[in-house]
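Just below is one structure, and these are the notes that go with it.
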Amino acid sequence: MSDSALSERIASANHEAHRRMLESEPVLVDVQLAKDAIPALDDRTILHAGPPITWGRMCGPMCGAVAGAIVFEGWARDLDAAARLAASGEIRFEPNHHHHGVGPMTGITTRHMAVLVVENRAFGNTSFCTVNEGIGNVMRFGGNDCEVIDRLKWIADVAGPALGAAIRHRGGVPLKGLIARGLAMGDEMHMRNAACSSLILGELAGDLAETATKDLSRILRFVSGNDMFFLNVAMAMAKSIADAAQGIAHSTVVTTMARNGTDFGIRVSGTGDRWFTGPAQMARGLLFAGHTEADGNPDIGDSCITETVGLGGFAMAASPAVVGFLGAGTIADAIGHTRSMGEITIGPNPAWTLPTLEMAGVPTAIDIRKVLATGLLPVINTAIANRQPGRTMVGAGMVHPPLSCFEQALVAFAEVNGLH
Amino acid sequence: METDKLLQSQVCVVNIGLREFARDMERVGVPVVHVEWSPPAVRDPRIIDLLAKLGA
């Protein structure tokens with residue numbers, strides 16, 4: 001095939017990837033236990049954020065969360081025994097992304113955790129994400145004590161089933177319009193979810209009141225007291241959109257960005273399931289009082305699936321409130337970040353518009369060629385975990401993938417298409 | 001326009017690259033449009049060659 005013919009095929013394939021992202025119809029349909037939602041998730045398997053990683057290379061928060069998940073599942077009596085079991089080789093570690101799932105920060109998912117289920121009704125695929133635990137001492141930051149494990153059990157046994165029943169009772173919650181409203185109310189759906197967390201509680205409150213059999217007031221307080229409740233919904237939604245664009249021959253569109261606290265990995269539509277990885281970077285931003293940069297862990301979590309479909313840092317112009325929280329400069333800087341992401345994407349998403357940019361659509365579908373040609377790396381908004389397990393969040397900021405991920409992906413793409 | 005008269009009229013600045021220079025203009029009330037730009041990040045000739053072949 002000539003270079004020009006291949007270029008035309010790439011353009012056509014990328015147009016198709018972009019079309020699929022735009023025409024996706026994600027609907028929150030249920031909350032289930034992971035073992036029911038993900039049949040391949042068998043006993044002694046732990047799903048984690050980011051690209052594949054072994055126990056010996058996991059960062060502090062990831063190790064802490066793994067040990068906590070082992071105790072949660074009852075595979076070990078205490079955290080020391082759990083760490084020994086994790087190191088023994090008897091636990092299988094796999095990325096959430098290998099099972100159509102995602103998880104924030106450590107992203108740990110095991111059989112008896114509750115997961116949100118989002119169905120992309122335009123393309124028939126389904127994605128999953130754990131339920132957001134709230135702020136503070138939580139497993140996504142490596143927390144693993146009794147408070148964390150008891151809360152996870154309550155979510156699995158009480159809150160998850162109640163939310164699932166309410167969602168089913170109303171026939172699912174369409175998410176595309178909800179996101180559009182959230183963007184107009186100042187959310188960017190990664191580090192600010194205050195509007196959409198309120199909106200979805202409003203959507204579900206009546207159904208919860210009609211269907212909940214236990215702990216209704218606690219469930220309502222659990223959701224209403226957590227501005228980041230919607231993050232996990234947005235992540236499952238974004239995964240269902242990104243998966244719809246995966247596996248298109250000749251497409252150079254990024255369909256996965258994820259980090260495990262040690263490595264950053266991307267996957268590309270036209271190169272199958274192969275990961276392209278580089279070292280996870282340190283986010284730059286604002287640290288909470290009493291912390292220094294030395295406390296921070298390198299970038300971690302599957303939450304940049306939001307940026308993969310045009311939200312988060314790509315939609316920063318929607319969210320003046322998040323700019324100060326991230327230490328990301330001025331509102332003009334936020335608008336500049338969104339504009340610059342337009343340079344590395346296939347096109348805007350007219351369903352998700354930005355009031356501060358004359359209702360322009362969020363920049364959508366990252367093209368690895370454009371990243372390399374411009375040198376503009378995807379902008380990711382992120383929380384910063386403490387590098388010690390169980391010490392919660394130390395700050396928030398912005399981060400980029402390493403350029404090497406995109407260089408490797410381009411070389412692999414060329415090989416797949418007969419160029420050397 | 002003669003260069004010695006350039007700064008006697010309203011100055012409008014297009015700043016390319018380092019954002020801090022644009023901020024300096026803003027601080028003194030000069031209208032400025034900032035253009036994000038940085039030198040090409042990729043120096044590997046193999047990547048540059050592939051980008052040319054792949055229509056970037």
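Naming works like this for the structure tokens: A, B, ... for the chains as they're shown, residue 1 at the start of each chain, ligands 1 onward in shown order.
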
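Interface residues on chain B toward chain A (cut-off 6 Å, only C-alpha atoms): B:Pro40, B:Ala41, B:Lys53, B:Leu54, B:Gly55, B:Ala56.
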
From a DSSP pass on the backbone, collect the residues of stretch 134-334 of chain A flagged as helix (DSSP H, G or I) and hand them back as a VMD selection string.
chain A and resid 139 to 141 146 to 169 176 to 184 194 to 211 216 to 224 229 to 244 269 to 271 293 to 295 305 to 308 312 to 318 320 to 326 331 to 334

Might you pull out every residue within 12 Å of stretch 216-230 of chain A, with only C-alpha atoms counted and same-chain residues fewer than 5 positions away left off, and present them as a PyMOL selection string?
chain A and resi 28+104+116+129-136+151+154-155+157-163+166+175+178-179+182+187-202+204-211+235-237+303+306+383

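Nearest to A:Ala289 of all the residues A:Val309, A:Val29, A:Val394, A:Ile346 is A:Val394, based on only C-alpha atoms.
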
What are the DSSP strand (DSSP E) residues of stretch 49-276 of chain A, as an NGL selection string?
:A and (92-95 or 101-102 or 114-120 or 125-130 or 173-174 or 254-260 or 263-268 or 276)

Could you write out that same residue set with C-alpha atoms as a compact mmCIF listing (two decimals), in the first residue's frame?
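Saved file out-v4.txt follows:
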# COMPACT_ATOMS: atom_id res chain seq x y z
CA ARG A 92 -3.48 -13.22 39.80
CA PHE A 93 -3.19 -9.51 39.01
CA GLU A 94 -4.86 -8.14 35.90
CA PRO A 95 -5.76 -4.65 34.69
CA GLY A 101 -13.56 -2.12 33.69
CA VAL A 102 -11.92 0.93 35.21
CA ALA A 114 -20.05 -3.53 44.00
CA VAL A 115 -19.60 -2.15 40.49
CA LEU A 116 -21.58 0.38 38.49
CA VAL A 117 -22.71 -1.05 35.16
CA VAL A 118 -22.93 1.23 32.11
CA GLU A 119 -24.34 -0.01 28.83
CA ASN A 120 -23.47 1.74 25.58
CA ASN A 125 -21.01 -2.98 24.87
CA THR A 126 -20.94 -2.75 28.67
CA SER A 127 -18.40 -1.29 31.11
CA PHE A 128 -17.85 -1.32 34.85
CA CYS A 129 -16.42 0.77 37.68
CA THR A 130 -16.47 0.34 41.43
CA VAL A 173 -30.10 6.70 33.77
CA PRO A 174 -29.06 8.09 30.34
CA VAL A 254 -6.07 6.42 21.63
CA THR A 255 -8.68 4.23 23.33
CA THR A 256 -6.97 3.72 26.69
CA MET A 257 -4.87 5.91 28.98
CA ALA A 258 -4.23 4.45 32.44
CA ARG A 259 -1.62 4.39 35.17
CA ASN A 260 -0.77 1.96 37.94
CA ASP A 263 3.85 2.87 34.70
CA PHE A 264 1.65 4.93 32.41
CA GLY A 265 0.11 2.93 29.58
CA ILE A 266 -1.85 3.71 26.45
CA ARG A 267 -3.61 1.52 23.91
CA VAL A 268 -4.55 2.50 20.38
CA PHE A 276 2.63 1.04 25.24

Got a sec: who's within 8 Å of B:Trp37, counting only C-alpha atoms, leaving out chain neighbours fewer than 6 positions off, as an NGL selection string?
:B and (16-18)

How about saving the chosen residues, C-alpha atoms kept, as a PDB file, in the first residue's frame?
ATOM      1  CA  ILE B  16       4.303  32.638  20.975  1.00  0.00           C
ATOM      2  CA  GLY B  17       5.692  30.022  23.337  1.00  0.00           C
ATOM      3  CA  LEU B  18       6.467  31.038  26.891  1.00  0.00           C
TER       4      LEU B  18
END

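For the pair atom CA of A:Ala280 and atom CA of A:Ile366, the separation is 19.0 Å.
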
Counting only C-alpha atoms, the option among B:Gln10, B:Lys5, B:Glu36, B:Leu50 closest to B:Ala22
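Residue with the minimum atom-to-atom distance to B:Ala22: B:Glu36.
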
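Distances from A:Met21, A:Ala40, A:Ala81, A:Val253 to A:Gly272 were compared using only C-alpha atoms, and the smallest one belongs to A:Val253.
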
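Distance-wise, atom CA of A:Pro298 and atom CA of A:Leu326 end up 15.9 Å apart.
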